[in-house]
Amino acid sequence: MEYDYIIIGSGFGGSVSALRLSQKGYKVLVIEQGKWFNKPEDFPKTNWNLRKWLWMPALGLRGIFKLSFFRHVTVLSGTGVGGGSLVYANTLPIPKDEYFNTGSWAKLADWKSELAPFYALGKKMLGATAHPYMSRSDKAMQQLATEIGRPEAFEKTDVAVYFGKPEVTVPDPYFDGQGPDRTGCCLCGGCMVGCRFNAKNTLDKNYLHLAQKAGAKILAESRVFDVKPIGEQGENGYEVFYKPTFSTFGKTQKMTSKGVVFAGGVMGTVKLLLNLKRTSLPNLSDKLGHDVRTNSESLIGVTTFQKVDMTEGIAIGSIIQLDESRHVEPVKYSAGSGFWRLFFAPMVSGNSMVSRGLKAIGKLFTEPWSHLKAFAIDDWSKRTLIMLYMESIDSTLRFSKDFLGNMTSRLSSGPPPEGNNPKAQELARKMEKIIDGKAMVMNIETILGIPTTAHILGGAVMGEDVTAGVIDRDNKVFGYENMMICDGSMISANIGVNPSLSITAITERAMSLIPEKK
Ligand SMILES: Cc1cc2nc3c(=O)[nH]c(=O)nc-3n(C[C@H](O)[C@H](O)[C@H](O)COP(=O)(O)OP(=O)(O)OC[C@H]3O[C@@H](n4cnc5c(N)ncnc54)[C@H](O)[C@@H]3O)c2cc1C
């Protein structure tokens, strides 16, 4: 075997696996379809630079941000060495208690206490710290919390950002000098177009950096398309096949390893495994693709008419805990990053697409000036506070392959994901008054009624046996040896909060159970 473990994907689960397996003496290769983004100029200055921001390799767009469209949900995800950490908003909450006692993993362990030390370890590794500033959008959220009668529900977020002294570079502040130099955050609000200022604690600055030091190899710009077991259950290892991502006629390459960790995120792992269940990996559980969840998010942009700068700060600096199962966060992009203005439409509600469409057109006539002003605002991102509302409703979707081989969604259990959440809209109306602005919603949500999620989870969930889940409580795939799944697709209940810290903690636990290499 050329490697002990090949890890497919370099997001949260992949990076934790790479470091811990390398530290245990294993020879590790990480294969990542996206690019390295390790120089400031690798990232775009604004999200109008589609070539550097968006991921659509067929069109020559090789950035960090991927959009995937399904019948029931639009999925936002990240690509590149470091996966979703390159594009995410740095927020690292620990879920509420009920998350640990519901879903297909509920009875498999006392998750709250088992995972507690790994949440702490994950926070330390990712450099999570309470956001120390109070930006304009945080102040607006604090006022909103007061207006809804819950001032105590306003909190600062824990975020993976190095604050230090703004724009001052210092030797590694996190890992006893083993990590890279870091620079204090300049509060430009650009976390989600990629941090060009070395302040965001992306995975290439912690887990992957240390994994490389411990011997792991990272092969970027290479997409894995097949994994063949050697022996019926992979008892003699695996052949992993990949191709250069950006070359249509690139030659297929093969590597062999004793074990494989799937860590391509839901959009990578579930899609790949649905293909392989029909071909190379037939023993995979029939539960593959089941129990796909989102955080039931609603995204509403409120554009202020005041000449004020909403971008100052970090992408998500605060949160209002509305109740046990719902919360709202203010999200921002840096100045000039107004790409999303192309997709915003009047905020309406209604049962059918036709009624919502008509209402949206009606609004343009009944409230023409405020809508025109919001559409034509000088710098959309500078003047817009995006409200990210989340609910932990337990509804699930199922991903499967259609006859053309495309991954498609269908409704599975619970209420369908909602594109027009009345509670979120009520909060947005209050925010309109607080910042003197106009609330607008992505047209795909407001008119088509399809919600957007940046937190797609599940599809390869835990279960007691192969009839109940794709992996066991230790992330090992039923039906194969030395094969694990460590990414968002393993999340087996409605997490209710931003998931990256949970993916990190669950992977840390799974890796802690792998013995050192003899
Ligand atoms: C705009 C945005 C903001 C977000 N903000 C937050 C936040 O504030 N807090 C939070 O907790 N979460 C946030 N998230 C969600 C978070 O980014 C994801 O939940 C997280 O990255 C998922 O981690 P993962 O381990 O599942 O893999 P990912 O991070 O999704 O990484 C998977 C990697 O695998 C690669 N890959 C896939 N298939 C293959 C293949 N076949 N071959 C080779 N490589 C492959 C992909 O290119 C990708 O780099 C945000 C997401 C987005 C899009």
# chains A, B, ... in the order shown; residues from 1 in each chain; ligands from 1
$ residues_around --residues "stretch 152-167 of chain A" --least-positions-apart "2" --cutoff "8 Å" --atoms "only C-alpha atoms" --output "MDAnalysis selection string"
chainID A and resid 90:93 126:132 141:142 145 150 169 182:187 197 199:202 316:322
$ closest_atom_pairs --of "stretch 306-365 of chain A" --to "stretch 491-505 of chain A" --cutoff "9 Å" --atoms "only C-alpha atoms" --output "JSON lines"
{"residue": "A:Ser325", "atom": "CA", "partner": "A:Gly496", "partner_atom": "CA", "distance": 6.7}
{"residue": "A:Arg326", "atom": "CA", "partner": "A:Gly496", "partner_atom": "CA", "distance": 7.6}
{"residue": "A:His327", "atom": "CA", "partner": "A:Val497", "partner_atom": "CA", "distance": 8.4}
$ residues_near_ligand --ligand "ligand 1" --cutoff "7 Å" --atoms "only C-alpha atoms and all ligand atoms" --output "number ranges by chain"
A: 8-14, 31-34, 65, 76-85, 87-92, 192, 222-225, 263-269, 272, 316, 454-456, 486-489, 498-501, 503
$ residues_around --residues "A:Gly231" --least-positions-apart "6" --cutoff "12 Å" --atoms "only C-alpha atoms" --output "list in words"
Gly237, Tyr238, Glu239, Lys258, Ser280, Leu281, Gly479, Tyr480 and Glu481 of chain A
$ select_by_dssp --residues "stretch 171-304 of chain A" --states "helix (DSSP H, G or I)" --output "NGL selection string"
:A and (191-193 or 203-205 or 207-213 or 265-277)
$ residues_around --residues "A:Leu397" --least-positions-apart "4" --cutoff "9 Å" --atoms "only C-alpha atoms" --output "list in words"
His72, Gly289, His290, Asp291, Val292, Arg293, Thr294, Ser409, Arg410, Leu411, Ser412, Ser413, Gly414, Pro416, Pro417 and Gly459 of chain A
$ atom_distance --atom1 "atom CA of A:Asp138" --atom2 "atom CA of A:Phe343"
24.9 Å
$ closest_residue --among "A:Leu29, A:Val73, A:Val348, A:Leu372" --to "A:Ala214" --atoms "only C-alpha atoms"
A:Leu29
$ residues_around --residues "A:Asn421" --least-positions-apart "5" --cutoff "12 Å" --atoms "only C-alpha atoms" --output "compact mmCIF listing (two decimals) with C-alpha atoms, in the first residue's frame"
# COMPACT_ATOMS: atom_id res chain seq x y z
CA SER A 296 -34.27 25.44 8.38
CA GLU A 297 -32.57 28.74 7.65
CA SER A 298 -34.13 31.93 6.27
CA LEU A 299 -31.91 34.64 4.80
CA ILE A 300 -33.39 38.14 4.65
CA ARG A 326 -34.70 29.32 17.23
CA MET A 347 -40.33 40.03 0.84
CA VAL A 348 -43.78 38.41 0.55
CA SER A 349 -45.54 35.31 1.81
CA GLY A 350 -48.30 33.09 0.44
CA ASN A 351 -49.16 29.48 -0.24
CA LEU A 388 -29.75 34.57 9.17
CA TYR A 389 -32.62 32.90 11.02
CA MET A 390 -32.40 29.21 12.07
CA GLU A 391 -34.89 26.75 13.56
CA PRO A 416 -41.04 20.50 4.25
CA GLU A 426 -41.65 39.47 11.47
CA LEU A 427 -38.12 40.05 12.82
CA ALA A 428 -37.03 41.53 9.50
CA VAL A 441 -35.41 38.11 0.19
CA GLU A 445 -36.94 31.78 -1.62
CA THR A 446 -39.59 34.46 -1.81
CA GLY A 449 -40.46 29.06 -1.98
CA ILE A 450 -37.18 27.09 -2.01
CA PRO A 451 -35.10 27.82 1.10
CA THR A 452 -31.34 28.27 1.03
$ select_by_dssp --residues "stretch 229-427 of chain A" --states "strand (DSSP E)" --output "MDAnalysis selection string"
chainID A and resid 229 238:244 253:262 298:304 318:323 326:331 344:346 384:391 396:401 407:413
$ closest_residue --among "A:Gly357, A:Glu221, A:Pro173, A:Met484" --to "A:Lys124" --atoms "only C-alpha atoms"
A:Pro173
$ atom_distance --atom1 "atom CA of A:Val193" --atom2 "atom CA of A:Arg62"
13.1 Å
$ closest_residue --among "A:Ala335, A:Leu203, A:Asp97, A:Tyr5" --to "A:Ser113" --atoms "only C-alpha atoms"
A:Asp97
